[in-house]
file work.cif (mmCIF, C-alpha atoms; chains and numbers go by the auth columns)
data_run
#
loop_
_atom_site.group_PDB
_atom_site.id
_atom_site.type_symbol
_atom_site.label_atom_id
_atom_site.label_comp_id
_atom_site.label_asym_id
_atom_site.label_seq_id
_atom_site.Cartn_x
_atom_site.Cartn_y
_atom_site.Cartn_z
_atom_site.B_iso_or_equiv
_atom_site.auth_seq_id
_atom_site.auth_asym_id
ATOM 1 C CA MET A 1 126.860 89.393 113.016 0.00 1 A
ATOM 2 C CA ALA A 2 126.115 91.711 115.923 0.00 2 A
ATOM 3 C CA THR A 3 122.529 91.615 117.122 0.00 3 A
ATOM 4 C CA PHE A 4 120.541 93.864 119.412 0.00 4 A
ATOM 5 C CA THR A 5 117.407 93.425 121.474 0.00 5 A
ATOM 6 C CA ILE A 6 114.411 95.616 120.796 0.00 6 A
ATOM 7 C CA ALA A 7 114.999 97.237 124.203 0.00 7 A
ATOM 8 C CA GLN A 8 118.566 98.147 123.190 0.00 8 A
ATOM 9 C CA ILE A 9 117.320 99.620 119.914 0.00 9 A
ATOM 10 C CA SER A 10 114.682 101.658 121.764 0.00 10 A
ATOM 11 C CA GLU A 11 117.261 102.861 124.290 0.00 11 A
ATOM 12 C CA LYS A 12 119.577 103.981 121.489 0.00 12 A
ATOM 13 C CA HIS A 13 117.033 105.658 119.172 0.00 13 A
ATOM 14 C CA GLY A 14 113.906 106.184 121.270 0.00 14 A
ATOM 15 C CA GLY A 15 110.388 105.234 120.349 0.00 15 A
ATOM 16 C CA ASP A 16 108.077 102.436 121.382 0.00 16 A
ATOM 17 C CA THR A 17 109.357 98.864 121.504 0.00 17 A
ATOM 18 C CA THR A 18 106.180 97.598 119.785 0.00 18 A
ATOM 19 C CA GLU A 19 106.436 99.763 116.658 0.00 19 A
ATOM 20 C CA TYR A 20 108.222 98.654 113.511 0.00 20 A
ATOM 21 C CA LEU A 21 108.745 102.337 112.651 0.00 21 A
ATOM 22 C CA PRO A 22 109.564 103.784 116.097 0.00 22 A
ATOM 23 C CA HIS A 23 109.058 107.521 116.252 0.00 23 A
ATOM 24 C CA VAL A 24 109.954 110.442 118.487 0.00 24 A
ATOM 25 C CA ASP A 25 108.628 113.999 118.232 0.00 25 A
ATOM 26 C CA GLY A 26 106.854 113.324 114.941 0.00 26 A
ATOM 27 C CA ARG A 27 109.818 111.671 113.169 0.00 27 A
ATOM 28 C CA VAL A 28 110.522 108.033 112.416 0.00 28 A
ATOM 29 C CA VAL A 29 113.853 107.282 114.134 0.00 29 A
ATOM 30 C CA CYS A 30 114.590 103.783 112.798 0.00 30 A
ATOM 31 C CA ALA A 31 112.983 100.779 111.126 0.00 31 A
ATOM 32 C CA CYS A 32 112.706 97.337 112.754 0.00 32 A
ATOM 33 C CA LEU A 33 111.689 94.965 109.991 0.00 33 A
ATOM 34 C CA ARG A 34 110.601 91.332 109.980 0.00 34 A
ATOM 35 C CA LEU A 35 111.304 89.427 106.777 0.00 35 A
ATOM 36 C CA ASP A 36 107.956 87.621 106.824 0.00 36 A
ATOM 37 C CA TYR A 37 106.163 90.986 106.685 0.00 37 A
ATOM 38 C CA ASN A 38 108.808 92.616 104.477 0.00 38 A
ATOM 39 C CA PRO A 39 110.479 89.883 102.369 0.00 39 A
ATOM 40 C CA GLY A 40 112.375 92.478 100.315 0.00 40 A
ATOM 41 C CA ALA A 41 113.804 94.270 103.363 0.00 41 A
ATOM 42 C CA PRO A 42 115.811 96.346 103.806 0.00 42 A
ATOM 43 C CA GLY A 43 115.300 97.551 100.225 0.00 43 A
ATOM 44 C CA VAL A 44 111.500 97.297 100.306 0.00 44 A
ATOM 45 C CA ILE A 45 109.092 98.019 103.172 0.00 45 A
ATOM 46 C CA LEU A 46 105.445 96.893 102.959 0.00 46 A
ATOM 47 C CA PRO A 47 103.335 98.806 105.506 0.00 47 A
ATOM 48 C CA GLY A 48 100.004 97.263 106.476 0.00 48 A
ATOM 49 C CA ASP A 49 96.630 98.976 106.368 0.00 49 A
ATOM 50 C CA ASP A 50 96.221 99.773 110.068 0.00 50 A
ATOM 51 C CA PRO A 51 95.673 103.571 110.346 0.00 51 A
ATOM 52 C CA ASP A 52 98.595 104.047 112.765 0.00 52 A
ATOM 53 C CA VAL A 53 100.915 102.022 110.522 0.00 53 A
ATOM 54 C CA GLN A 54 99.825 104.051 107.495 0.00 54 A
ATOM 55 C CA LEU A 55 100.435 107.307 109.357 0.00 55 A
ATOM 56 C CA TRP A 56 104.040 106.488 110.282 0.00 56 A
ATOM 57 C CA ALA A 57 104.777 105.035 106.850 0.00 57 A
ATOM 58 C CA SER A 58 103.583 108.324 105.369 0.00 58 A
ATOM 59 C CA VAL A 59 105.734 110.308 107.812 0.00 59 A
ATOM 60 C CA LEU A 60 108.768 108.213 106.849 0.00 60 A
ATOM 61 C CA CYS A 61 108.130 108.904 103.157 0.00 61 A
ATOM 62 C CA GLN A 62 107.851 112.653 103.732 0.00 62 A
ATOM 63 C CA GLN A 63 110.468 113.380 106.398 0.00 63 A
ATOM 64 C CA GLY A 64 113.634 112.929 104.334 0.00 64 A
ATOM 65 C CA GLY A 65 117.003 111.818 105.623 0.00 65 A
ATOM 66 C CA ALA A 66 118.426 108.442 106.519 0.00 66 A
ATOM 67 C CA ILE A 67 117.363 106.169 109.361 0.00 67 A
ATOM 68 C CA PRO A 68 119.061 103.095 110.849 0.00 68 A
ATOM 69 C CA VAL A 69 117.472 99.825 109.755 0.00 69 A
ATOM 70 C CA TYR A 70 117.374 96.580 111.730 0.00 70 A
ATOM 71 C CA ILE A 71 116.280 93.152 110.479 0.00 71 A
ATOM 72 C CA ARG A 72 114.857 90.529 112.826 0.00 72 A
ATOM 73 C CA HIS A 73 116.462 87.106 112.434 0.00 73 A
ATOM 74 C CA GLN A 74 114.943 85.434 115.486 0.00 74 A
ATOM 75 C CA ALA A 75 112.949 86.407 118.557 0.00 75 A
ATOM 76 C CA ASP A 76 114.477 89.618 119.937 0.00 76 A
ATOM 77 C CA ALA A 77 117.639 89.364 117.835 0.00 77 A
ATOM 78 C CA TRP A 78 117.828 92.322 115.440 0.00 78 A
ATOM 79 C CA GLU A 79 120.752 92.877 113.066 0.00 79 A
ATOM 80 C CA TYR A 80 121.758 96.441 112.191 0.00 80 A
ATOM 81 C CA VAL A 81 122.065 96.538 108.379 0.00 81 A
ATOM 82 C CA GLY A 82 122.898 100.192 107.816 0.00 82 A
ATOM 83 C CA GLU A 83 121.464 103.629 107.186 0.00 83 A
ATOM 84 C CA TYR A 84 118.711 103.854 104.570 0.00 84 A
ATOM 85 C CA GLU A 85 116.581 106.609 103.100 0.00 85 A
ATOM 86 C CA VAL A 86 113.341 106.523 101.145 0.00 86 A
ATOM 87 C CA GLU A 87 114.013 106.408 97.435 0.00 87 A
ATOM 88 C CA ARG A 88 110.329 106.415 96.440 0.00 88 A
ATOM 89 C CA SER A 89 106.967 105.014 97.443 0.00 89 A
ATOM 90 C CA SER A 90 103.765 103.979 95.733 0.00 90 A
ATOM 91 C CA GLN A 91 100.197 103.214 96.713 0.00 91 A
ATOM 92 C CA LEU A 92 99.299 101.926 93.248 0.00 92 A
ATOM 93 C CA PRO A 93 97.650 98.480 93.359 0.00 93 A
ATOM 94 C CA ALA A 94 99.916 97.231 90.536 0.00 94 A
ATOM 95 C CA ASP A 95 103.065 98.118 92.514 0.00 95 A
ATOM 96 C CA ILE A 96 101.670 96.559 95.690 0.00 96 A
ATOM 97 C CA ALA A 97 100.759 93.348 93.817 0.00 97 A
ATOM 98 C CA GLU A 98 104.414 92.909 92.784 0.00 98 A
ATOM 99 C CA HIS A 99 105.478 92.526 96.437 0.00 99 A
ATOM 100 C CA PRO A 100 103.636 89.656 98.133 0.00 100 A
ATOM 101 C CA ARG A 101 104.141 88.864 101.809 0.00 101 A
ATOM 102 C CA ALA A 102 104.672 85.444 103.281 0.00 102 A
ATOM 103 C CA ILE A 103 101.633 83.223 102.692 0.00 103 A
ATOM 104 C CA HIS A 104 100.606 83.190 106.374 0.00 104 A
ATOM 105 C CA LEU A 105 100.499 87.005 106.365 0.00 105 A
ATOM 106 C CA ALA A 106 98.704 87.459 103.041 0.00 106 A
ATOM 107 C CA LYS A 107 95.482 88.422 104.854 0.00 107 A
ATOM 108 C CA ILE A 108 97.125 91.638 106.118 0.00 108 A
ATOM 109 C CA LYS A 109 96.561 94.172 103.365 0.00 109 A
ATOM 110 C CA VAL A 110 99.600 96.153 102.180 0.00 110 A
ATOM 111 C CA SER A 111 98.867 99.892 101.935 0.00 111 A
ATOM 112 C CA ARG A 112 101.953 100.980 99.984 0.00 112 A
ATOM 113 C CA VAL A 113 105.414 99.969 98.838 0.00 113 A
ATOM 114 C CA ILE A 114 108.381 101.964 100.125 0.00 114 A
ATOM 115 C CA TRP A 115 111.658 101.509 98.249 0.00 115 A
ATOM 116 C CA MET A 116 114.711 102.281 100.392 0.00 116 A
ATOM 117 C CA ARG A 117 118.297 102.914 99.338 0.00 117 A
ATOM 118 C CA LYS A 118 121.394 102.421 101.431 0.00 118 A
ATOM 119 C CA ILE A 119 123.380 105.543 102.282 0.00 119 A
#
call {"tool": "encode", "arguments": {"input": "work.cif", "output": "structure tokens"}}
result
Amino acid sequence: MATFTIAQISEKHGGDTTEYLPHVDGRVVCACLRLDYNPGAPGVILPGDDPDVQLWASVLCQQGGAIPVYIRHQADAWEYVGEYEVERSSQLPADIAEHPRAIHLAKIKVSRVIWMRKI
């Protein structure tokens, strides 16, 4: 398994090293997902309720096209898992309730569910 640092991912795709949906010029350029926040990743992304997080999740859902997805396995070791595109998303409470986060992160409210499909 080849892994990359967050700095290498940022150098390759652009965007901020602190964002899980790095963006450049109004487009999400990749996804860097932690399994404790997104236990269904890479097939399911669970954005939180922070306004900035909600904004970029919305942009991802609307922009179309595939993005590279990375999964974090340990501190600063991210595995490239392929190119994914948004299949659909939902902000319905019933859909959100079907996708719980890790217990220690349950206090962070999920704002939507984004289903991704591999290209």
call {"tool": "closest_residue", "arguments": {"input": "work.cif", "among": "A:Pro51, A:Pro39, A:Trp78, A:Tyr70", "to": "Val113 of chain A", "atoms": "only C-alpha atoms"}}
result
A:Pro39
call {"tool": "closest_residue", "arguments": {"input": "work.cif", "among": "A:Leu46, A:Ala97, A:Cys61, A:Ala75", "to": "Ser111 of chain A", "atoms": "only C-alpha atoms"}}
result
A:Leu46
call {"tool": "residues_around", "arguments": {"input": "work.cif", "residues": "segment 8-14 of chain A", "least_positions_apart": "4", "cutoff": "9 Å", "atoms": "only C-alpha atoms", "output": "JSON, numbers by chain"}}
result
{"A": [4, 22, 23, 24, 29, 30, 32, 68, 70, 78]}
call {"tool": "atom_distance", "arguments": {"input": "work.cif", "atom1": "atom CA of Ala2 of chain A", "atom2": "atom CA of Val53 of chain A"}}
result
27.8 Å
call {"tool": "residues_around", "arguments": {"input": "work.cif", "residues": "Met116 of chain A", "least_positions_apart": "6", "cutoff": "9 Å", "atoms": "all atoms listed in the file", "output": "PDB file with C-alpha atoms, keeping the file's coordinate frame"}}
result
ATOM      1  CA  ALA A  41     113.804  94.270 103.363  1.00  0.00           C
ATOM      2  CA  PRO A  42     115.811  96.346 103.806  1.00  0.00           C
ATOM      3  CA  GLY A  43     115.300  97.551 100.225  1.00  0.00           C
ATOM      4  CA  VAL A  44     111.500  97.297 100.306  1.00  0.00           C
ATOM      5  CA  ILE A  45     109.092  98.019 103.172  1.00  0.00           C
ATOM      6  CA  TYR A  84     118.711 103.854 104.570  1.00  0.00           C
ATOM      7  CA  GLU A  85     116.581 106.609 103.100  1.00  0.00           C
ATOM      8  CA  VAL A  86     113.341 106.523 101.145  1.00  0.00           C
ATOM      9  CA  GLU A  87     114.013 106.408  97.435  1.00  0.00           C
ATOM     10  CA  ARG A  88     110.329 106.415  96.440  1.00  0.00           C
ATOM     11  CA  SER A  89     106.967 105.014  97.443  1.00  0.00           C
TER      12      SER A  89
END
call {"tool": "atom_distance", "arguments": {"input": "work.cif", "atom1": "atom CA of Ile108 of chain A", "atom2": "atom CA of Arg34 of chain A"}}
result
14.0 Å
call {"tool": "atom_distance", "arguments": {"input": "work.cif", "atom1": "atom CA of Gly65 of chain A", "atom2": "atom CA of Arg117 of chain A"}}
result
11.0 Å
call {"tool": "resolve_selection", "arguments": {"input": "work.cif", "expression": "the PyMOL selection byres ((chain A and resi 57) around 9)", "output": "number ranges by chain"}}
result
A: 21, 28, 47, 52-56, 58-62, 112, 114
call {"tool": "write_last_selection", "arguments": {"input": "work.cif", "atoms": "C-alpha atoms", "output": "tab-separated table (two decimals), in the frame of the given file"}}
result
chain	number	residue	atom	x	y	z
A	21	LEU	CA	108.74	102.34	112.65
A	28	VAL	CA	110.52	108.03	112.42
A	47	PRO	CA	103.34	98.81	105.51
A	52	ASP	CA	98.60	104.05	112.76
A	53	VAL	CA	100.92	102.02	110.52
A	54	GLN	CA	99.82	104.05	107.50
A	55	LEU	CA	100.44	107.31	109.36
A	56	TRP	CA	104.04	106.49	110.28
A	58	SER	CA	103.58	108.32	105.37
A	59	VAL	CA	105.73	110.31	107.81
A	60	LEU	CA	108.77	108.21	106.85
A	61	CYS	CA	108.13	108.90	103.16
A	62	GLN	CA	107.85	112.65	103.73
A	112	ARG	CA	101.95	100.98	99.98
A	114	ILE	CA	108.38	101.96	100.12
call {"tool": "closest_residue", "arguments": {"input": "work.cif", "among": "A:Leu33, A:His104, A:Val81, A:Gly48", "to": "Tyr20 of chain A", "atoms": "only C-alpha atoms"}}
result
A:Leu33
call {"tool": "closest_residue", "arguments": {"input": "work.cif", "among": "A:Ile6, A:Ile119, A:Leu105, A:Leu92", "to": "Leu35 of chain A", "atoms": "only C-alpha atoms"}}
result
A:Leu105
call {"tool": "closest_residue", "arguments": {"input": "work.cif", "among": "A:Asp36, A:Arg27, A:Glu98, A:Thr18", "to": "Ile67 of chain A", "atoms": "only C-alpha atoms"}}
result
A:Arg27
call {"tool": "decode", "arguments": {"input": "work.cif", "residues": "segment 83-96 of chain A", "atoms": "all heavy atoms", "output": "mmCIF file, in the first residue's frame"}}
result
data_model
loop_
_atom_site.group_PDB
_atom_site.id
_atom_site.type_symbol
_atom_site.label_atom_id
_atom_site.label_comp_id
_atom_site.auth_asym_id
_atom_site.auth_seq_id
_atom_site.Cartn_x
_atom_site.Cartn_y
_atom_site.Cartn_z
ATOM 1 N N GLU A 83 -10.446 7.230 -7.901
ATOM 2 C CA GLU A 83 -11.229 8.387 -8.327
ATOM 3 C C GLU A 83 -12.706 8.093 -8.057
ATOM 4 O O GLU A 83 -13.220 7.034 -8.457
ATOM 5 C CB GLU A 83 -11.034 8.647 -9.821
ATOM 6 C CG GLU A 83 -9.598 8.951 -10.205
ATOM 7 C CD GLU A 83 -9.196 10.374 -9.872
ATOM 8 O OE1 GLU A 83 -10.020 11.291 -10.066
ATOM 9 O OE2 GLU A 83 -8.049 10.560 -9.433
ATOM 10 N N TYR A 84 -13.371 9.033 -7.409
ATOM 11 C CA TYR A 84 -14.779 8.875 -7.050
ATOM 12 C C TYR A 84 -15.561 10.103 -7.476
ATOM 13 O O TYR A 84 -15.019 11.204 -7.527
ATOM 14 C CB TYR A 84 -14.939 8.692 -5.535
ATOM 15 C CG TYR A 84 -14.539 7.320 -5.051
ATOM 16 C CD1 TYR A 84 -13.206 6.962 -4.929
ATOM 17 C CD2 TYR A 84 -15.504 6.374 -4.713
ATOM 18 C CE1 TYR A 84 -12.833 5.705 -4.490
ATOM 19 C CE2 TYR A 84 -15.146 5.109 -4.266
ATOM 20 C CZ TYR A 84 -13.808 4.780 -4.155
ATOM 21 O OH TYR A 84 -13.448 3.538 -3.723
ATOM 22 N N GLU A 85 -16.849 9.890 -7.744
ATOM 23 C CA GLU A 85 -17.746 11.005 -8.022
ATOM 24 C C GLU A 85 -18.981 10.878 -7.138
ATOM 25 O O GLU A 85 -19.303 9.783 -6.654
ATOM 26 C CB GLU A 85 -18.147 11.045 -9.495
ATOM 27 C CG GLU A 85 -19.033 9.896 -9.936
ATOM 28 C CD GLU A 85 -19.396 9.969 -11.412
ATOM 29 O OE1 GLU A 85 -18.963 10.893 -12.112
ATOM 30 O OE2 GLU A 85 -20.138 9.067 -11.861
ATOM 31 N N VAL A 86 -19.664 11.982 -6.941
ATOM 32 C CA VAL A 86 -20.882 11.975 -6.138
ATOM 33 C C VAL A 86 -21.966 11.228 -6.900
ATOM 34 O O VAL A 86 -22.258 11.546 -8.054
ATOM 35 C CB VAL A 86 -21.334 13.414 -5.809
ATOM 36 C CG1 VAL A 86 -22.694 13.412 -5.117
ATOM 37 C CG2 VAL A 86 -20.284 14.130 -4.957
ATOM 38 N N GLU A 87 -22.533 10.253 -6.248
ATOM 39 C CA GLU A 87 -23.668 9.525 -6.815
ATOM 40 C C GLU A 87 -24.964 10.227 -6.421
ATOM 41 O O GLU A 87 -25.842 10.450 -7.245
ATOM 42 C CB GLU A 87 -23.666 8.089 -6.309
ATOM 43 C CG GLU A 87 -24.759 7.244 -6.876
ATOM 44 C CD GLU A 87 -24.634 5.791 -6.458
ATOM 45 O OE1 GLU A 87 -23.828 5.456 -5.585
ATOM 46 O OE2 GLU A 87 -25.377 4.978 -7.037
ATOM 47 N N ARG A 88 -25.077 10.586 -5.137
ATOM 48 C CA ARG A 88 -26.226 11.335 -4.637
ATOM 49 C C ARG A 88 -25.897 11.838 -3.246
ATOM 50 O O ARG A 88 -24.907 11.423 -2.644
ATOM 51 C CB ARG A 88 -27.494 10.490 -4.625
ATOM 52 C CG ARG A 88 -27.444 9.298 -3.700
ATOM 53 C CD ARG A 88 -28.668 8.391 -3.889
ATOM 54 N NE ARG A 88 -28.535 7.185 -3.121
ATOM 55 C CZ ARG A 88 -29.109 6.950 -1.950
ATOM 56 N NH1 ARG A 88 -29.888 7.869 -1.411
ATOM 57 N NH2 ARG A 88 -28.937 5.815 -1.318
ATOM 58 N N SER A 89 -26.737 12.723 -2.744
ATOM 59 C CA SER A 89 -26.572 13.202 -1.371
ATOM 60 C C SER A 89 -27.946 13.449 -0.770
ATOM 61 O O SER A 89 -28.941 13.572 -1.492
ATOM 62 C CB SER A 89 -25.722 14.469 -1.323
ATOM 63 O OG SER A 89 -26.442 15.581 -1.772
ATOM 64 N N SER A 90 -27.971 13.511 0.555
ATOM 65 C CA SER A 90 -29.231 13.741 1.253
ATOM 66 C C SER A 90 -28.970 14.494 2.544
ATOM 67 O O SER A 90 -27.965 14.254 3.219
ATOM 68 C CB SER A 90 -29.922 12.410 1.575
ATOM 69 O OG SER A 90 -31.057 12.626 2.402
ATOM 70 N N GLN A 91 -29.889 15.394 2.869
ATOM 71 C CA GLN A 91 -29.863 16.085 4.149
ATOM 72 C C GLN A 91 -31.049 15.651 5.017
ATOM 73 O O GLN A 91 -31.308 16.261 6.051
ATOM 74 C CB GLN A 91 -29.883 17.590 3.922
ATOM 75 C CG GLN A 91 -28.600 18.079 3.255
ATOM 76 C CD GLN A 91 -28.594 19.562 3.004
ATOM 77 O OE1 GLN A 91 -29.350 20.047 2.168
ATOM 78 N NE2 GLN A 91 -27.765 20.279 3.738
ATOM 79 N N LEU A 92 -31.723 14.597 4.619
ATOM 80 C CA LEU A 92 -32.861 14.095 5.380
ATOM 81 C C LEU A 92 -32.390 13.463 6.688
ATOM 82 O O LEU A 92 -31.462 12.638 6.690
ATOM 83 C CB LEU A 92 -33.641 13.063 4.573
ATOM 84 C CG LEU A 92 -34.320 13.562 3.297
ATOM 85 C CD1 LEU A 92 -34.918 12.399 2.516
ATOM 86 C CD2 LEU A 92 -35.389 14.592 3.646
ATOM 87 N N PRO A 93 -33.014 13.814 7.806
ATOM 88 C CA PRO A 93 -32.617 13.249 9.100
ATOM 89 C C PRO A 93 -32.620 11.714 9.116
ATOM 90 O O PRO A 93 -31.741 11.107 9.736
ATOM 91 C CB PRO A 93 -33.650 13.821 10.073
ATOM 92 C CG PRO A 93 -34.062 15.112 9.438
ATOM 93 C CD PRO A 93 -34.052 14.842 7.958
ATOM 94 N N ALA A 94 -33.554 11.085 8.435
ATOM 95 C CA ALA A 94 -33.610 9.617 8.407
ATOM 96 C C ALA A 94 -32.381 9.025 7.727
ATOM 97 O O ALA A 94 -31.838 8.011 8.175
ATOM 98 C CB ALA A 94 -34.878 9.152 7.707
ATOM 99 N N ASP A 95 -31.916 9.648 6.644
ATOM 100 C CA ASP A 95 -30.711 9.169 5.956
ATOM 101 C C ASP A 95 -29.475 9.388 6.822
ATOM 102 O O ASP A 95 -28.598 8.525 6.905
ATOM 103 C CB ASP A 95 -30.538 9.881 4.612
ATOM 104 C CG ASP A 95 -31.558 9.441 3.581
ATOM 105 O OD1 ASP A 95 -32.068 8.299 3.690
ATOM 106 O OD2 ASP A 95 -31.856 10.229 2.673
ATOM 107 N N ILE A 96 -29.400 10.544 7.467
ATOM 108 C CA ILE A 96 -28.265 10.849 8.336
ATOM 109 C C ILE A 96 -28.211 9.855 9.498
ATOM 110 O O ILE A 96 -27.138 9.361 9.859
ATOM 111 C CB ILE A 96 -28.335 12.307 8.829
ATOM 112 C CG1 ILE A 96 -28.095 13.252 7.641
ATOM 113 C CG2 ILE A 96 -27.332 12.566 9.949
ATOM 114 C CD1 ILE A 96 -28.387 14.714 7.939
#
